[in-house]
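Peer 1: My structure is stored as start-v4.cif, with mmCIF, C-alpha atoms.
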data_protein
#
loop_
_atom_site.group_PDB
_atom_site.id
_atom_site.type_symbol
_atom_site.label_atom_id
_atom_site.label_comp_id
_atom_site.auth_asym_id
_atom_site.auth_seq_id
_atom_site.Cartn_x
_atom_site.Cartn_y
_atom_site.Cartn_z
ATOM 1 C CA MET A 103 18.653 108.173 -5.879
ATOM 2 C CA VAL A 104 22.069 106.541 -6.247
ATOM 3 C CA VAL A 105 22.173 102.941 -5.089
ATOM 4 C CA ASP A 106 25.442 101.329 -4.107
ATOM 5 C CA GLU A 107 26.141 97.929 -5.575
ATOM 6 C CA LEU A 108 26.095 95.266 -2.886
ATOM 7 C CA SER A 109 29.160 93.084 -2.471
ATOM 8 C CA ASP A 110 28.851 89.332 -2.936
ATOM 9 C CA GLU A 111 29.685 88.891 0.743
ATOM 10 C CA THR A 112 26.842 91.205 1.785
ATOM 11 C CA VAL A 113 24.364 89.427 -0.480
ATOM 12 C CA ASP A 114 25.519 86.029 0.815
ATOM 13 C CA ARG A 115 24.962 87.131 4.425
ATOM 14 C CA LEU A 116 21.523 88.553 3.599
ATOM 15 C CA PHE A 117 20.235 85.460 1.866
ATOM 16 C CA HIS A 118 21.830 83.088 4.362
ATOM 17 C CA ALA A 119 20.005 84.932 7.131
ATOM 18 C CA LEU A 120 16.711 84.948 5.226
ATOM 19 C CA ALA A 121 16.986 81.267 4.259
ATOM 20 C CA ASP A 122 15.909 80.088 7.711
ATOM 21 C CA THR A 123 12.249 80.014 8.769
ATOM 22 C CA THR A 124 12.966 80.955 12.384
ATOM 23 C CA ARG A 125 15.098 83.923 11.379
ATOM 24 C CA ARG A 126 12.420 85.182 8.985
ATOM 25 C CA ASP A 127 9.881 84.881 11.801
ATOM 26 C CA ILE A 128 12.150 86.777 14.199
ATOM 27 C CA LEU A 129 12.529 89.479 11.574
ATOM 28 C CA ARG A 130 8.742 89.715 11.127
ATOM 29 C CA ARG A 131 8.203 89.954 14.886
ATOM 30 C CA CYS A 132 10.790 92.715 15.199
ATOM 31 C CA VAL A 133 9.265 94.692 12.337
ATOM 32 C CA ARG A 134 6.131 95.022 14.473
ATOM 33 C CA GLY A 135 8.175 96.402 17.353
ATOM 34 C CA GLU A 136 11.321 96.149 19.390
ATOM 35 C CA LEU A 137 11.562 92.894 21.380
ATOM 36 C CA SER A 138 14.046 91.530 23.872
ATOM 37 C CA VAL A 139 15.930 88.360 23.018
ATOM 38 C CA SER A 140 14.361 86.668 26.051
ATOM 39 C CA ARG A 141 10.873 87.639 24.843
ATOM 40 C CA LEU A 142 11.669 86.282 21.394
ATOM 41 C CA ALA A 143 12.967 83.028 22.916
ATOM 42 C CA GLU A 144 9.580 82.418 24.591
ATOM 43 C CA ALA A 145 7.981 81.985 21.165
ATOM 44 C CA TYR A 146 10.198 79.127 19.952
ATOM 45 C CA PRO A 147 10.666 75.482 20.992
ATOM 46 C CA MET A 148 14.419 75.924 21.321
ATOM 47 C CA SER A 149 16.906 77.152 23.853
ATOM 48 C CA PHE A 150 17.572 80.785 24.622
ATOM 49 C CA ALA A 151 21.117 80.276 23.268
ATOM 50 C CA ALA A 152 19.747 78.995 19.945
ATOM 51 C CA VAL A 153 17.552 82.090 19.586
ATOM 52 C CA GLN A 154 20.573 84.270 20.424
ATOM 53 C CA LYS A 155 22.484 82.581 17.598
ATOM 54 C CA HIS A 156 19.651 83.244 15.151
ATOM 55 C CA VAL A 157 19.596 86.900 16.203
ATOM 56 C CA ALA A 158 23.382 87.070 15.758
ATOM 57 C CA VAL A 159 23.067 85.800 12.157
ATOM 58 C CA LEU A 160 20.415 88.452 11.463
ATOM 59 C CA GLU A 161 22.639 91.086 13.056
ATOM 60 C CA ARG A 162 25.707 90.106 10.977
ATOM 61 C CA ALA A 163 23.531 90.393 7.861
ATOM 62 C CA GLY A 164 22.504 93.888 8.937
ATOM 63 C CA LEU A 165 18.844 92.926 9.176
ATOM 64 C CA VAL A 166 18.499 93.724 12.879
ATOM 65 C CA THR A 167 20.336 95.703 15.517
ATOM 66 C CA LYS A 168 20.670 94.920 19.210
ATOM 67 C CA GLN A 169 20.779 97.494 21.945
ATOM 68 C CA ARG A 170 21.344 96.792 25.610
ATOM 69 C CA SER A 171 18.700 98.139 27.962
ATOM 70 C CA GLY A 172 19.566 97.182 31.520
ATOM 71 C CA ARG A 173 19.848 93.398 31.618
ATOM 72 C CA GLU A 174 18.035 92.872 28.340
ATOM 73 C CA GLN A 175 19.157 93.055 24.755
ATOM 74 C CA LEU A 176 16.502 94.707 22.604
ATOM 75 C CA VAL A 177 16.265 93.636 18.976
ATOM 76 C CA ARG A 178 14.895 95.923 16.296
ATOM 77 C CA THR A 179 14.707 95.626 12.536
ATOM 78 C CA ASP A 180 16.878 97.897 10.443
ATOM 79 C CA PRO A 181 14.388 99.695 8.168
ATOM 80 C CA ASP A 182 16.881 99.772 5.284
ATOM 81 C CA ALA A 183 17.641 96.046 5.531
ATOM 82 C CA VAL A 184 14.708 94.830 3.464
ATOM 83 C CA GLY A 185 15.626 97.414 0.856
ATOM 84 C CA ARG A 186 19.099 95.892 0.568
ATOM 85 C CA ALA A 187 17.635 92.420 0.032
ATOM 86 C CA ARG A 188 15.229 93.840 -2.567
ATOM 87 C CA GLN A 189 18.150 95.615 -4.261
ATOM 88 C CA ALA A 190 20.055 92.328 -4.522
ATOM 89 C CA LEU A 191 17.047 90.629 -6.110
ATOM 90 C CA ASP A 192 16.484 93.556 -8.456
ATOM 91 C CA GLU A 193 20.109 93.336 -9.613
ATOM 92 C CA LEU A 194 19.711 89.616 -10.332
ATOM 93 C CA GLU A 195 16.437 90.192 -12.167
ATOM 94 C CA SER A 196 17.987 92.935 -14.280
ATOM 95 C CA ALA A 197 20.918 90.724 -15.262
ATOM 96 C CA TRP A 198 18.626 87.843 -16.270
ATOM 97 C CA ARG A 199 16.205 90.069 -18.167
ATOM 98 C CA GLY A 200 19.150 91.472 -20.100
ATOM 99 C CA ARG A 201 20.302 87.974 -21.025
ATOM 100 C CA VAL A 202 16.844 86.882 -22.110
ATOM 101 C CA ASP A 203 16.432 90.040 -24.208
ATOM 102 C CA ARG A 204 19.805 89.443 -25.887
ATOM 103 C CA MET A 205 18.889 85.824 -26.667
ATOM 104 C CA ALA A 206 15.550 86.909 -28.126
ATOM 105 C CA ARG A 207 17.297 89.466 -30.363
ATOM 106 C CA LEU A 208 19.856 86.888 -31.513
ATOM 107 C CA LEU A 209 17.151 84.362 -32.313
ATOM 108 C CA ALA A 210 15.140 86.971 -34.181
ATOM 109 C CA GLU A 211 18.201 87.891 -36.275
ATOM 110 C CA ASP A 212 19.313 84.296 -36.993
ATOM 111 C CA PRO A 213 18.117 83.248 -40.468
ATOM 112 C CA ALA A 214 18.827 79.582 -39.672
ATOM 113 C CA THR A 215 16.246 79.734 -36.897
ATOM 114 C CA GLU A 216 13.622 81.091 -39.276
ATOM 115 C CA GLU A 217 14.470 78.375 -41.803
ATOM 116 C CA ASN A 218 14.246 75.631 -39.143
ATOM 117 C CA GLU A 219 10.890 76.948 -37.952
ATOM 118 C CA ALA A 220 9.576 76.947 -41.538
ATOM 119 C CA ASN A 221 10.762 73.358 -42.078
ATOM 120 C CA ASP A 222 9.233 72.179 -38.791
ATOM 121 C CA THR A 223 5.777 73.376 -39.792
ATOM 122 C CA THR A 224 5.833 72.020 -43.345
ATOM 123 C CA GLU A 225 7.293 68.579 -42.664
ATOM 124 C CA GLY A 226 4.627 67.477 -40.198
ATOM 125 C CA PRO A 227 5.290 65.354 -37.150
ATOM 126 C CA ARG A 228 8.585 63.474 -36.940
ATOM 127 C CA ARG A 229 8.739 59.807 -36.054
#
Would you give me this structure, written as structure tokens?

Peer 2:
Amino acid sequence: MVVDELSDETVDRLFHALADTTRRDILRRCVRGELSVSRLAEAYPMSFAAVQKHVAVLERAGLVTKQRSGREQLVRTDPDAVGRARQALDELESAWRGRVDRMARLLAEDPATEENEANDTTEGPRR
């Protein structure tokens, strides 16, 4: 499977959307099934407009989609959205693991490091 690299802008939108507790809760509720914005708003101690704004942030990040059904807007989770967030984290993990591996190799090859380690064990505690 070929995975496209995510742009910085896409990653920023994803993590901005996921950084808020209410938005993560909305996302969890919508994973269980499609809900209207008005139904979602009943679950939170905030205005309907505030819930709409949270849904809009999730929608801009591509985490949910809205579809009009009569007078209601139905919110559903995009099944690929969590995969995009996981991909972004996997890319970060890969970059850091590569750096740590390179540092470990450099330290293993550095004779000065071996000499310093030998001196530290033979000199005893420093005061």

Peer 1: Which residues, written as a list in words, have at least one atom at most 12 Å from Arg130 in chain A, with only C-alpha atoms counted and residues fewer than 5 positions away on the same chain left out?

Peer 2: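 Surrounding residues, per the criterion: Leu120, Thr123, Thr124, Arg125, Gly135, Glu136, Leu137, Leu142, Leu160, Leu165, Val166, Val177, Arg178, Thr179, Asp180, Pro181 and Val184 of chain A.
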
Peer 1: Every residue with an atom at most 10 Å from (24.1, 86.2, 7.1) (file coordinates; all atoms listed in the file) is what I'm after, so could you write them as a list in words?

Peer 2: Glu111, Thr112, Val113, Asp114, Arg115, Leu116, Phe117, His118, Ala119, Leu120, Ala121, His156, Ala158, Val159, Leu160, Glu161, Arg162, Ala163, Gly164 and Leu165 of chain A

Peer 1: Using all atoms listed in the file, which residue out of A:Ser149, A:Ser138, A:Ser109, A:Gln175 lies closest to Gln189 in chain A?

Peer 2: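 The closest residue to Gln189 in chain A is A:Ser109.
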
Peer 1: Just to confirm, what's the straight-line distance from CA of Val139 in chain A to CA of Glu174 in chain A in Å (one decimal)?

Peer 2: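 That distance, rounded to one decimal, is 7.3 Å.
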
Peer 1: Please report the interatomic distance between CA of Val153 in chain A and CA of Arg131 in chain A in Å with one decimal.

Peer 2: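 We find that CA of Val153 in chain A and CA of Arg131 in chain A lie 13.1 Å from each other.
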